[in-house]
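Chemist: model.cif is the file, holding mmCIF, C-alpha atoms:
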data_my_file
loop_
_atom_site.group_PDB
_atom_site.id
_atom_site.type_symbol
_atom_site.label_atom_id
_atom_site.label_comp_id
_atom_site.auth_asym_id
_atom_site.auth_seq_id
_atom_site.Cartn_x
_atom_site.Cartn_y
_atom_site.Cartn_z
ATOM 1 C CA MET A 1 48.417 -36.625 -29.119
ATOM 2 C CA GLU A 2 47.094 -33.193 -28.347
ATOM 3 C CA SER A 3 43.808 -32.980 -26.535
ATOM 4 C CA ARG A 4 41.104 -30.779 -27.966
ATOM 5 C CA PRO A 5 39.966 -27.792 -25.911
ATOM 6 C CA PRO A 6 36.861 -28.557 -23.941
ATOM 7 C CA LYS A 7 33.644 -27.291 -25.456
ATOM 8 C CA SER A 8 31.762 -24.633 -23.526
ATOM 9 C CA SER A 9 28.376 -25.884 -22.578
ATOM 10 C CA LYS A 10 25.252 -23.971 -23.506
ATOM 11 C CA GLU A 11 24.491 -23.395 -19.844
ATOM 12 C CA LEU A 12 27.914 -21.799 -19.333
ATOM 13 C CA ALA A 13 27.472 -19.528 -22.353
ATOM 14 C CA ASN A 14 24.075 -18.430 -21.101
ATOM 15 C CA ALA A 15 25.511 -17.790 -17.649
ATOM 16 C CA VAL A 16 28.291 -15.619 -19.116
ATOM 17 C CA TYR A 17 25.781 -13.629 -21.183
ATOM 18 C CA ASP A 18 23.455 -13.177 -18.202
ATOM 19 C CA ASP A 19 26.351 -11.863 -16.123
ATOM 20 C CA PHE A 20 27.308 -9.429 -18.916
ATOM 21 C CA LYS A 21 23.693 -8.275 -19.282
ATOM 22 C CA ARG A 22 23.332 -7.723 -15.536
ATOM 23 C CA LYS A 23 26.492 -5.597 -15.419
ATOM 24 C CA VAL A 24 25.614 -3.362 -18.372
ATOM 25 C CA ILE A 25 22.022 -2.880 -17.201
ATOM 26 C CA ASP A 26 23.255 -1.995 -13.719
ATOM 27 C CA ALA A 27 25.723 0.480 -15.226
ATOM 28 C CA ALA A 28 22.941 1.960 -17.352
ATOM 29 C CA LYS A 29 20.722 2.416 -14.283
ATOM 30 C CA LYS A 30 23.494 4.203 -12.384
ATOM 31 C CA ARG A 31 24.252 6.420 -15.410
ATOM 32 C CA ALA A 32 20.550 7.322 -15.779
ATOM 33 C CA VAL A 33 20.244 8.154 -12.074
ATOM 34 C CA SER A 34 23.369 10.340 -12.169
ATOM 35 C CA GLN A 35 21.911 12.257 -15.125
ATOM 36 C CA ASN A 36 18.559 12.865 -13.328
ATOM 37 C CA VAL A 37 16.512 11.786 -16.349
ATOM 38 C CA ASP A 38 12.760 11.167 -16.362
ATOM 39 C CA TYR A 39 11.193 7.714 -16.235
ATOM 40 C CA GLU A 40 10.755 7.302 -19.995
ATOM 41 C CA THR A 41 14.400 8.097 -20.655
ATOM 42 C CA PHE A 42 15.432 5.830 -17.771
ATOM 43 C CA LYS A 43 13.425 2.942 -19.205
ATOM 44 C CA ASN A 44 14.836 3.421 -22.705
ATOM 45 C CA MET A 45 18.423 3.563 -21.475
ATOM 46 C CA VAL A 46 18.053 0.402 -19.415
ATOM 47 C CA SER A 47 16.126 -1.616 -22.021
ATOM 48 C CA VAL A 48 18.778 -1.227 -24.716
ATOM 49 C CA ALA A 49 21.884 -1.246 -22.567
ATOM 50 C CA HIS A 50 22.789 -4.820 -23.502
ATOM 51 C CA LEU A 51 22.323 -4.345 -27.261
ATOM 52 C CA LYS A 52 25.309 -3.966 -29.544
ATOM 53 C CA PRO A 53 25.150 -0.825 -31.719
ATOM 54 C CA LEU A 54 25.135 -1.294 -35.460
ATOM 55 C CA GLN A 55 27.994 0.348 -37.333
ATOM 56 C CA ALA A 56 28.480 0.858 -41.062
ATOM 57 C CA PRO A 57 31.452 -0.981 -42.558
ATOM 58 C CA ASN A 58 34.656 1.018 -42.662
ATOM 59 C CA THR A 59 35.043 0.193 -46.333
ATOM 60 C CA VAL A 60 32.100 2.377 -47.366
ATOM 61 C CA LYS A 61 33.232 5.753 -48.750
ATOM 62 C CA HIS A 62 30.734 8.561 -48.771
ATOM 63 C CA GLU A 63 31.691 10.819 -51.692
ATOM 64 C CA PRO A 64 30.117 14.272 -51.863
ATOM 65 C CA THR A 65 27.322 14.573 -54.369
ATOM 66 C CA ALA A 66 28.129 16.692 -57.423
ATOM 67 C CA PRO A 67 25.878 19.692 -58.173
ATOM 68 C CA ALA A 68 22.962 19.179 -60.529
ATOM 69 C CA TRP A 69 24.541 21.270 -63.305
ATOM 70 C CA HIS A 70 27.396 18.743 -63.519
ATOM 71 C CA PHE A 71 25.020 16.236 -65.116
ATOM 72 C CA ASN A 72 23.204 15.991 -68.421
ATOM 73 C CA ALA A 73 19.409 16.000 -68.695
ATOM 74 C CA ASP A 74 19.338 12.176 -68.650
ATOM 75 C CA GLY A 75 21.439 11.983 -65.462
ATOM 76 C CA SER A 76 24.716 10.997 -67.143
ATOM 77 C CA ARG A 77 27.993 12.806 -66.556
ATOM 78 C CA PRO A 78 29.075 15.092 -69.404
ATOM 79 C CA SER A 79 32.243 14.401 -71.341
ATOM 80 C CA THR A 80 35.453 16.329 -70.772
ATOM 81 C CA THR A 81 34.936 18.232 -74.012
ATOM 82 C CA SER A 82 31.534 19.464 -72.858
ATOM 83 C CA GLU A 83 32.994 20.591 -69.544
ATOM 84 C CA GLU A 84 35.755 22.492 -71.310
ATOM 85 C CA GLN A 85 33.229 24.155 -73.604
ATOM 86 C CA ALA A 86 31.112 25.176 -70.636
ATOM 87 C CA ALA A 87 34.168 26.587 -68.845
ATOM 88 C CA ALA A 88 35.191 28.519 -71.967
ATOM 89 C CA ALA A 89 31.690 29.940 -72.286
ATOM 90 C CA ALA A 90 31.759 31.005 -68.639
ATOM 91 C CA ARG A 91 35.126 32.726 -69.117
ATOM 92 C CA LEU A 92 33.852 34.482 -72.222
ATOM 93 C CA LEU A 93 30.773 35.685 -70.380
ATOM 94 C CA SER A 94 32.808 36.977 -67.452
ATOM 95 C CA SER A 95 35.254 38.798 -69.747
ATOM 96 C CA ARG A 96 32.521 40.580 -71.710
ATOM 97 C CA GLU A 97 32.740 44.329 -71.275
ATOM 98 C CA ALA A 98 29.928 46.830 -71.575
ATOM 99 C CA GLN A 99 29.652 48.381 -75.028
ATOM 100 C CA GLY A 100 27.341 51.324 -74.419
ATOM 101 C CA PRO A 101 26.456 53.866 -71.728
ATOM 102 C CA PRO A 102 23.745 52.962 -69.197
ATOM 103 C CA SER A 103 20.340 54.616 -69.045
ATOM 104 C CA THR A 104 19.780 54.293 -65.283
ATOM 105 C CA SER A 105 21.881 54.017 -62.150
ATOM 106 C CA GLY A 106 20.753 50.400 -61.795
ATOM 107 C CA ASP A 107 22.096 49.565 -65.253
ATOM 108 C CA PHE A 108 25.386 51.236 -64.357
ATOM 109 C CA THR A 109 25.735 49.269 -61.121
ATOM 110 C CA ARG A 110 24.906 45.968 -62.828
ATOM 111 C CA GLU A 111 27.409 46.467 -65.663
ATOM 112 C CA TRP A 112 29.990 47.843 -63.213
ATOM 113 C CA ARG A 113 29.892 44.629 -61.182
ATOM 114 C CA ARG A 114 29.184 42.044 -63.872
ATOM 115 C CA SER A 115 31.038 43.227 -66.970
ATOM 116 C CA CYS A 116 33.990 45.079 -65.432
ATOM 117 C CA PRO A 117 36.024 42.637 -63.328
ATOM 118 C CA THR A 118 39.272 44.677 -63.372
ATOM 119 C CA LEU A 119 40.189 48.266 -62.583
ATOM 120 C CA GLU A 120 41.200 48.879 -66.199
ATOM 121 C CA SER A 121 37.844 47.654 -67.527
ATOM 122 C CA LYS A 122 36.052 49.860 -64.999
ATOM 123 C CA TYR A 123 38.043 52.895 -66.150
ATOM 124 C CA ARG A 124 37.188 52.169 -69.781
ATOM 125 C CA TYR A 125 33.538 51.867 -68.778
ATOM 126 C CA LEU A 126 33.721 55.313 -67.157
ATOM 127 C CA GLN A 127 35.097 56.667 -70.441
ATOM 128 C CA ILE A 128 32.207 55.033 -72.295
ATOM 129 C CA CYS A 129 29.693 56.603 -69.918
ATOM 130 C CA GLY A 130 31.231 60.076 -69.882
ATOM 131 C CA PRO A 131 30.611 62.844 -67.323
ATOM 132 C CA HIS A 132 27.268 63.878 -68.872
ATOM 133 C CA THR A 133 25.774 60.380 -68.528
ATOM 134 C CA LEU A 134 27.059 60.030 -64.966
ATOM 135 C CA ARG A 135 25.494 63.362 -64.026
ATOM 136 C CA SER A 136 22.177 62.245 -65.538
ATOM 137 C CA ILE A 137 21.892 58.750 -64.027
ATOM 138 C CA PHE A 138 23.013 59.847 -60.534
ATOM 139 C CA LYS A 139 20.822 62.926 -60.442
ATOM 140 C CA VAL A 140 18.635 61.515 -57.669
ATOM 141 C CA GLU A 141 21.245 59.716 -55.566
ATOM 142 C CA VAL A 142 24.694 58.147 -55.644
ATOM 143 C CA SER A 143 25.517 55.481 -53.081
ATOM 144 C CA SER A 144 28.695 55.623 -51.010
ATOM 145 C CA GLU A 145 29.735 52.218 -52.376
ATOM 146 C CA VAL A 146 29.510 53.357 -56.014
ATOM 147 C CA LEU A 147 31.193 56.690 -55.244
ATOM 148 C CA LYS A 148 34.055 54.974 -53.432
ATOM 149 C CA GLY A 149 34.473 52.447 -56.253
ATOM 150 C CA ILE A 150 34.663 55.146 -58.930
ATOM 151 C CA ILE A 151 37.209 57.153 -56.937
ATOM 152 C CA GLU A 152 39.365 54.056 -56.405
ATOM 153 C CA VAL A 153 39.329 53.323 -60.147
ATOM 154 C CA LEU A 154 40.246 56.902 -61.051
ATOM 155 C CA GLU A 155 43.060 56.990 -58.513
ATOM 156 C CA ALA A 156 44.524 53.686 -59.713
ATOM 157 C CA CYS A 157 44.244 54.131 -63.491
ATOM 158 C CA TRP A 158 44.140 57.727 -64.669
ATOM 159 C CA GLN A 159 47.907 58.314 -64.576
ATOM 160 C CA SER A 160 48.712 55.241 -66.679
ATOM 161 C CA HIS A 161 46.064 56.275 -69.236
ATOM 162 C CA ALA A 162 47.429 59.836 -69.204
ATOM 163 C CA GLY A 163 50.931 58.583 -69.949
ATOM 164 C CA ALA A 164 49.676 56.368 -72.759
ATOM 165 C CA ALA A 165 47.653 59.236 -74.252
ATOM 166 C CA GLU A 166 50.661 61.543 -74.075
ATOM 167 C CA GLU A 167 52.847 59.045 -75.912
ATOM 168 C CA GLU A 168 50.164 58.322 -78.494
ATOM 169 C CA GLU A 169 49.602 62.005 -79.231
ATOM 170 C CA HIS A 170 53.337 62.858 -79.105
ATOM 171 C CA GLY A 171 53.023 65.427 -76.357
ATOM 172 C CA GLU A 172 49.950 67.172 -77.809
ATOM 173 C CA GLY A 173 48.119 67.397 -74.467
ATOM 174 C CA GLY A 174 46.767 63.868 -74.063
ATOM 175 C CA ALA A 175 47.688 63.738 -70.387
ATOM 176 C CA LEU A 176 45.999 67.079 -69.734
ATOM 177 C CA ARG A 177 42.802 65.865 -71.387
ATOM 178 C CA GLN A 178 42.832 62.768 -69.159
ATOM 179 C CA ALA A 179 43.164 65.004 -66.099
ATOM 180 C CA SER A 180 40.292 67.115 -67.428
ATOM 181 C CA PHE A 181 38.207 63.955 -67.835
ATOM 182 C CA VAL A 182 38.847 62.958 -64.213
ATOM 183 C CA VAL A 183 37.899 66.424 -62.968
ATOM 184 C CA GLU A 184 34.681 66.376 -65.018
ATOM 185 C CA VAL A 185 33.756 62.935 -63.656
ATOM 186 C CA LEU A 186 34.289 64.169 -60.100
ATOM 187 C CA GLU A 187 32.181 67.264 -60.849
ATOM 188 C CA SER A 188 29.348 65.137 -62.240
ATOM 189 C CA LEU A 189 29.378 62.970 -59.116
ATOM 190 C CA ALA A 190 29.413 66.049 -56.890
ATOM 191 C CA ALA A 191 26.158 67.149 -58.548
ATOM 192 C CA ALA A 192 24.401 63.912 -57.532
ATOM 193 C CA GLY A 193 21.684 63.759 -54.914
ATOM 194 C CA ARG A 194 22.756 63.076 -51.325
ATOM 195 C CA PHE A 195 26.357 63.541 -52.384
ATOM 196 C CA GLY A 196 27.468 64.947 -49.032
ATOM 197 C CA LEU A 197 26.082 61.921 -47.197
ATOM 198 C CA ALA A 198 27.786 59.536 -49.641
ATOM 199 C CA VAL A 199 31.158 61.225 -49.044
ATOM 200 C CA LYS A 200 30.772 60.912 -45.280
ATOM 201 C CA LEU A 201 29.825 57.197 -45.570
ATOM 202 C CA MET A 202 32.895 56.278 -47.641
ATOM 203 C CA GLY A 203 34.873 55.693 -44.462
ATOM 204 C CA PRO A 204 38.549 56.348 -43.657
ATOM 205 C CA GLN A 205 39.838 54.149 -46.481
ATOM 206 C CA GLY A 206 37.719 55.934 -49.078
ATOM 207 C CA THR A 207 38.821 59.341 -47.762
ATOM 208 C CA LYS A 208 42.463 58.251 -47.971
ATOM 209 C CA VAL A 209 42.064 57.220 -51.625
ATOM 210 C CA LEU A 210 40.240 60.487 -52.366
ATOM 211 C CA LYS A 211 43.095 62.546 -50.909
ATOM 212 C CA SER A 212 45.610 60.539 -52.939
ATOM 213 C CA LEU A 213 43.652 61.207 -56.146
ATOM 214 C CA PHE A 214 43.486 64.946 -55.444
ATOM 215 C CA ASP A 215 47.210 65.053 -54.679
ATOM 216 C CA GLN A 216 47.959 63.356 -58.005
ATOM 217 C CA LEU A 217 45.754 65.810 -59.887
ATOM 218 C CA SER A 218 47.268 68.777 -58.073
ATOM 219 C CA GLU A 219 50.816 67.757 -58.960
ATOM 220 C CA ALA A 220 49.899 67.059 -62.585
ATOM 221 C CA LEU A 221 48.063 70.378 -63.022
ATOM 222 C CA ASN A 222 50.864 72.371 -61.411
ATOM 223 C CA ALA A 223 53.415 70.727 -63.697
ATOM 224 C CA ALA A 224 51.244 71.314 -66.776
ATOM 225 C CA ASP A 225 50.681 74.938 -65.762
ATOM 226 C CA ALA A 226 54.409 75.521 -65.457
ATOM 227 C CA VAL A 227 55.179 73.867 -68.804
ATOM 228 C CA HIS A 228 52.473 75.650 -70.776
ATOM 229 C CA SER A 229 53.180 79.013 -69.139
ATOM 230 C CA PHE A 230 56.797 78.655 -70.228
ATOM 231 C CA SER A 231 55.732 77.671 -73.743
ATOM 232 C CA LEU A 232 53.334 80.618 -73.933
ATOM 233 C CA HIS A 233 56.050 83.018 -72.756
ATOM 234 C CA GLN A 234 58.519 81.667 -75.254
ATOM 235 C CA GLY A 235 56.008 81.673 -78.088
ATOM 236 C CA GLY A 236 54.840 85.239 -77.435
ATOM 237 C CA ASP A 237 58.070 86.851 -78.666
ATOM 238 C CA ASP A 238 58.453 87.708 -82.315
ATOM 239 C CA ILE A 239 61.927 86.196 -82.338
ATOM 240 C CA GLY A 240 62.242 83.726 -79.534
ATOM 241 C CA PRO A 241 65.051 81.463 -78.471
ATOM 242 C CA LYS A 242 65.846 78.243 -80.189
ATOM 243 C CA ALA A 243 63.887 75.114 -79.363
ATOM 244 C CA ASP A 244 65.328 73.369 -76.369
ATOM 245 C CA SER A 245 64.234 69.856 -77.226
ATOM 246 C CA ALA A 246 63.201 67.578 -80.044
ATOM 247 C CA GLU A 247 59.678 67.523 -78.671
ATOM 248 C CA GLN A 248 59.263 71.273 -79.251
ATOM 249 C CA GLU A 249 60.578 70.894 -82.787
ATOM 250 C CA LYS A 250 58.153 68.065 -83.443
ATOM 251 C CA SER A 251 55.229 70.074 -82.052
ATOM 252 C CA CYS A 252 55.932 73.181 -84.110
ATOM 253 C CA TRP A 253 56.646 71.133 -87.219
ATOM 254 C CA HIS A 254 53.333 69.373 -86.776
ATOM 255 C CA GLU A 255 51.529 72.720 -86.648
ATOM 256 C CA SER A 256 53.394 74.034 -89.700
ATOM 257 C CA GLU A 257 52.190 71.015 -91.669
ATOM 258 C CA GLN A 258 48.627 72.078 -90.857
ATOM 259 C CA GLY A 259 49.188 75.443 -92.532
ATOM 260 C CA LYS A 260 50.027 77.559 -89.504
ATOM 261 C CA ASN A 261 52.627 80.354 -89.554
ATOM 262 C CA VAL A 262 55.625 78.501 -88.193
ATOM 263 C CA SER A 263 59.148 78.627 -89.515
ATOM 264 C CA SER A 264 60.638 75.534 -91.092
ATOM 265 C CA PRO A 265 62.214 73.249 -88.516
ATOM 266 C CA GLY A 266 65.929 73.127 -88.378
ATOM 267 C CA PRO A 267 68.896 73.994 -86.248
ATOM 268 C CA ASP A 268 67.782 77.640 -85.991
ATOM 269 C CA MET A 269 64.026 77.043 -85.756
ATOM 270 C CA ILE A 270 62.189 80.035 -84.330
ATOM 271 C CA VAL A 271 58.963 79.619 -82.383
ATOM 272 C CA GLY A 272 56.208 81.444 -84.311
ATOM 273 C CA GLU A 273 52.586 82.318 -84.061
ATOM 274 C CA GLY A 274 51.389 78.722 -84.512
ATOM 275 C CA CYS A 275 53.169 77.472 -81.413
ATOM 276 C CA SER A 276 52.067 80.590 -79.574
ATOM 277 C CA SER A 277 48.394 79.943 -80.281
ATOM 278 C CA SER A 278 48.787 76.267 -79.363
ATOM 279 C CA ALA A 279 50.451 77.155 -76.091
ATOM 280 C CA ALA A 280 47.726 79.725 -75.367
ATOM 281 C CA ALA A 281 44.988 77.100 -75.942
ATOM 282 C CA ALA A 282 46.789 74.611 -73.722
ATOM 283 C CA ALA A 283 47.273 77.231 -71.017
ATOM 284 C CA GLY A 284 43.567 78.071 -71.214
ATOM 285 C CA LEU A 285 42.666 74.403 -70.758
ATOM 286 C CA VAL A 286 45.001 74.168 -67.764
ATOM 287 C CA SER A 287 43.422 77.264 -66.226
ATOM 288 C CA SER A 288 39.906 75.881 -66.771
ATOM 289 C CA VAL A 289 40.774 72.513 -65.246
ATOM 290 C CA LYS A 290 42.473 74.162 -62.260
ATOM 291 C CA ASP A 291 39.413 76.325 -61.589
ATOM 292 C CA GLY A 292 37.206 73.227 -61.573
ATOM 293 C CA PHE A 293 39.725 71.441 -59.377
ATOM 294 C CA VAL A 294 39.596 74.219 -56.746
ATOM 295 C CA ARG A 295 35.796 73.951 -56.627
ATOM 296 C CA LEU A 296 36.051 70.175 -56.264
ATOM 297 C CA ARG A 297 38.256 70.472 -53.193
ATOM 298 C CA GLN A 298 35.513 72.417 -51.473
ATOM 299 C CA LEU A 299 32.745 70.059 -52.592
ATOM 300 C CA TYR A 300 34.624 66.957 -51.415
ATOM 301 C CA GLY A 301 35.620 68.574 -48.100
ATOM 302 C CA LEU A 302 39.352 68.771 -48.850
ATOM 303 C CA THR A 303 39.863 72.507 -48.476
ATOM 304 C CA SER A 304 42.927 72.112 -46.262
#
Kindly present the structure from the file in structure tokens form.
Modeler:
Amino acid sequence: MESRPPKSSKELANAVYDDFKRKVIDAAKKRAVSQNVDYETFKNMVSVAHLKPLQAPNTVKHEPTAPAWHFNADGSRPSTTSEEQAAAAARLLSSREAQGPPSTSGDFTREWRRSCPTLESKYRYLQICGPHTLRSIFKVEVSSEVLKGIIEVLEACWQSHAGAAEEEEHGEGGALRQASFVVEVLESLAAAGRFGLAVKLMGPQGTKVLKSLFDQLSEALNAADAVHSFSLHQGGDDIGPKADSAEQEKSCWHESEQGKNVSSPGPDMIVGEGCSSSAAAAAGLVSSVKDGFVRLRQLYGLTS
């Protein structure tokens, strides 16, 4: 028969606890002395040295509190449908684009940041505003941040819009008009107050984007000048050479439909006065845009 383990007497348990208390208090005194604490801190450290600290159960999970807008007015959680509707409304609000030109620079900046989240939407907003509005609202001052943002949008988007306009108008000068729009926007910004300071505060990255935009415009204007000079030269003769491409046939045929003096299109189509006047108008637009572009180089400090 197994014998039961002897019971510890109360006196023995008290003796064990007293020994434990003496050791921890002594250790607390030595720790307080080594830390050079004052008397009040020393007394507090020694008086609680033998107490066991309270700890929260490990099973308790502290979940982060949801924001107030995640709850209904009565404190209940909204249904999934309500959350989806709220998310859809937020997406609709963020995707809303400005519909009209601003009246002040503050209105422009607010719509530029709030209603134009992408580069394409910003470019469309610039088209809505137009050079005249930009010149008016930035008459007093244009900030370096706004100037840099507009230049970045023009540099990133104008060529794609020029290509789309050229295709839509079947080579009737849509790309040249987009280049003219960019030049006019840059001219309107150059007329703003404290423009020179804003250009200097754009930083190296802004200057790099500005140079890239001017290089793009320079290449496009040089190409357009060459094309329209050739068209003007060809159209100036009474009996010119045959059309070299289907695009020239389409252009002259389009003008003949509008009642201009152009021969009927065909294998031996001759370029007449209608195409000559059209080429002269296009060449005049190229010359006007190039003159403005040369002035812009000086205003933006890119004379080299």
Chemist: Excluding Ala179 (chain A) and its own-chain neighbours fewer than 3 positions away, which residues fall within 9 Å of it when counting all atoms listed in the file? Please give them as a compact mmCIF listing (two decimals) with C-alpha atoms, in the coordinates of the input.
Modeler:
# COMPACT_ATOMS: atom_id res chain seq x y z
CA TRP A 158 44.14 57.73 -64.67
CA GLN A 159 47.91 58.31 -64.58
CA ALA A 162 47.43 59.84 -69.20
CA GLY A 174 46.77 63.87 -74.06
CA ALA A 175 47.69 63.74 -70.39
CA LEU A 176 46.00 67.08 -69.73
CA VAL A 182 38.85 62.96 -64.21
CA VAL A 183 37.90 66.42 -62.97
CA GLU A 184 34.68 66.38 -65.02
CA LEU A 217 45.75 65.81 -59.89
CA ALA A 220 49.90 67.06 -62.58
CA LEU A 221 48.06 70.38 -63.02
CA VAL A 289 40.77 72.51 -65.25
Chemist: Set the distance at 10 Å and use only C-alpha atoms: which residues neighbour Ser218 (chain A) once local chain neighbours fewer than 4 positions away are removed? I'd like the list as a list of chain:residue names.
Modeler: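 Close residues of Ser218 (chain A): A:Ala179, A:Ser212, A:Leu213, A:Phe214, A:Asn222, A:Ala223, A:Ala224, A:Lys290, A:Phe293, A:Val294.
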Chemist: Could you please determine the separation between CA of Val142 (chain A) and CA of Ser160 (chain A) in Å, to one decimal place?
Modeler: 26.6 Å
Chemist: Distance CA of Glu168 (chain A)-CA of Gly130 (chain A), one decimal place?
Modeler: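 Interatomic distance here is 20.9 Å.
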Chemist: Pick out the closest residue to Val185 (chain A) from this set: A:Ala156, A:Ala68, A:Thr109, A:Leu147. Count only C-alpha atoms.
Modeler: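 Ranking A:Ala156, A:Ala68, A:Thr109, A:Leu147 by distance to Val185 (chain A), first place goes to A:Leu147.
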Chemist: Here is a test: counting only C-alpha atoms, which residue of A:Leu302, A:Val286, A:Asp38, A:Leu119 is nearest to Ala226 (chain A)?
Modeler: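 The shortest atom-to-atom distance to Ala226 (chain A) comes from A:Val286.
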Chemist: How many Å separate CA of Leu210 (chain A) from CA of Arg114 (chain A)?
Modeler: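 Computed distance, CA of Leu210 (chain A) to CA of Arg114 (chain A), equals 24.4 Å.
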Chemist: Padding of 8 Å on every side, edges along x, y and z, all listed atoms of region 150-160 of chain A included: what centre and edge lengths in Å, to one decimal, does that box have, as JSON?
Modeler:
{"center_x": 41.7, "center_y": 55.8, "center_z": -61.5, "size_x": 30.0, "size_y": 21.0, "size_z": 26.3}
Chemist: Considering all atoms listed in the file, return as a list in words whatever protein or nucleic-acid residues lie within 10 Å of Phe108 (chain A), sequence-local ones (same chain, fewer than 3 positions apart) excluded.
Modeler: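 Once the adjacent positions are removed, what remains is Ala98, Pro101, Pro102, Ser103, Thr104, Ser105, Glu111, Trp112, Arg113, Arg114, Tyr125, Leu126, Cys129, Leu134, Ile137, Phe138 and Val146 of chain A.
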Chemist: List every protein, DNA or RNA residue that has an atom no more than 10 Å from (33.9, 68.1, -63.7) in the file's coordinate frame, counting only C-alpha atoms, and report them as a list in words.
Modeler: Pro131, His132, Arg135, Ser180, Phe181, Val182, Val183, Glu184, Val185, Leu186, Glu187, Ser188, Leu189, Ala190, Ala191, Val289, Gly292, Phe293, Arg295 and Leu296 of chain A
Chemist: Measuring between all atoms listed in the file, which one of A:Leu201, A:Ala192, A:Ala66, A:Val227 shows the shortest distance to Glu141 (chain A)?
Modeler: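 For Glu141 (chain A), the nearest of the candidates is A:Ala192.
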Chemist: Pick the closest to Lys52 (chain A) from A:Asp291, A:Glu169, A:Lys21, A:Ala13: which is it, counting only C-alpha atoms?
Modeler: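 Using only C-alpha atoms, the shortest distance to Lys52 (chain A) belongs to A:Lys21.
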Chemist: So that I can check the surroundings of Arg31 (chain A), please list as an NGL selection string every protein, DNA and RNA residue that reaches within 10 Å of it, counting only C-alpha atoms and ignoring chain neighbours fewer than 4 positions away.
Modeler: :A and (25-27 or 35-37 or 42 or 45-46)
Chemist: Please expand the PyMOL selection byres ((chain A and resi 207-209) around 12) into the concrete residues it hits in this file, giving the result as a PyMOL selection string.
Modeler: chain A and resi 144+147-156+198-206+210-216+300-302
Chemist: Just C-alpha atoms for this one: save the residues we selected as a PDB file, keeping the file's coordinate frame.
Modeler:
ATOM      1  CA  SER A 144      28.695  55.623 -51.010  1.00  0.00           C
ATOM      2  CA  LEU A 147      31.193  56.690 -55.244  1.00  0.00           C
ATOM      3  CA  LYS A 148      34.055  54.974 -53.432  1.00  0.00           C
ATOM      4  CA  GLY A 149      34.473  52.447 -56.253  1.00  0.00           C
ATOM      5  CA  ILE A 150      34.663  55.146 -58.930  1.00  0.00           C
ATOM      6  CA  ILE A 151      37.209  57.153 -56.937  1.00  0.00           C
ATOM      7  CA  GLU A 152      39.365  54.056 -56.405  1.00  0.00           C
ATOM      8  CA  VAL A 153      39.329  53.323 -60.147  1.00  0.00           C
ATOM      9  CA  LEU A 154      40.246  56.902 -61.051  1.00  0.00           C
ATOM     10  CA  GLU A 155      43.060  56.990 -58.513  1.00  0.00           C
ATOM     11  CA  ALA A 156      44.524  53.686 -59.713  1.00  0.00           C
ATOM     12  CA  ALA A 198      27.786  59.536 -49.641  1.00  0.00           C
ATOM     13  CA  VAL A 199      31.158  61.225 -49.044  1.00  0.00           C
ATOM     14  CA  LYS A 200      30.772  60.912 -45.280  1.00  0.00           C
ATOM     15  CA  LEU A 201      29.825  57.197 -45.570  1.00  0.00           C
ATOM     16  CA  MET A 202      32.895  56.278 -47.641  1.00  0.00           C
ATOM     17  CA  GLY A 203      34.873  55.693 -44.462  1.00  0.00           C
ATOM     18  CA  PRO A 204      38.549  56.348 -43.657  1.00  0.00           C
ATOM     19  CA  GLN A 205      39.838  54.149 -46.481  1.00  0.00           C
ATOM     20  CA  GLY A 206      37.719  55.934 -49.078  1.00  0.00           C
ATOM     21  CA  LEU A 210      40.240  60.487 -52.366  1.00  0.00           C
ATOM     22  CA  LYS A 211      43.095  62.546 -50.909  1.00  0.00           C
ATOM     23  CA  SER A 212      45.610  60.539 -52.939  1.00  0.00           C
ATOM     24  CA  LEU A 213      43.652  61.207 -56.146  1.00  0.00           C
ATOM     25  CA  PHE A 214      43.486  64.946 -55.444  1.00  0.00           C
ATOM     26  CA  ASP A 215      47.210  65.053 -54.679  1.00  0.00           C
ATOM     27  CA  GLN A 216      47.959  63.356 -58.005  1.00  0.00           C
ATOM     28  CA  TYR A 300      34.624  66.957 -51.415  1.00  0.00           C
ATOM     29  CA  GLY A 301      35.620  68.574 -48.100  1.00  0.00           C
ATOM     30  CA  LEU A 302      39.352  68.771 -48.850  1.00  0.00           C
TER      31      LEU A 302
END
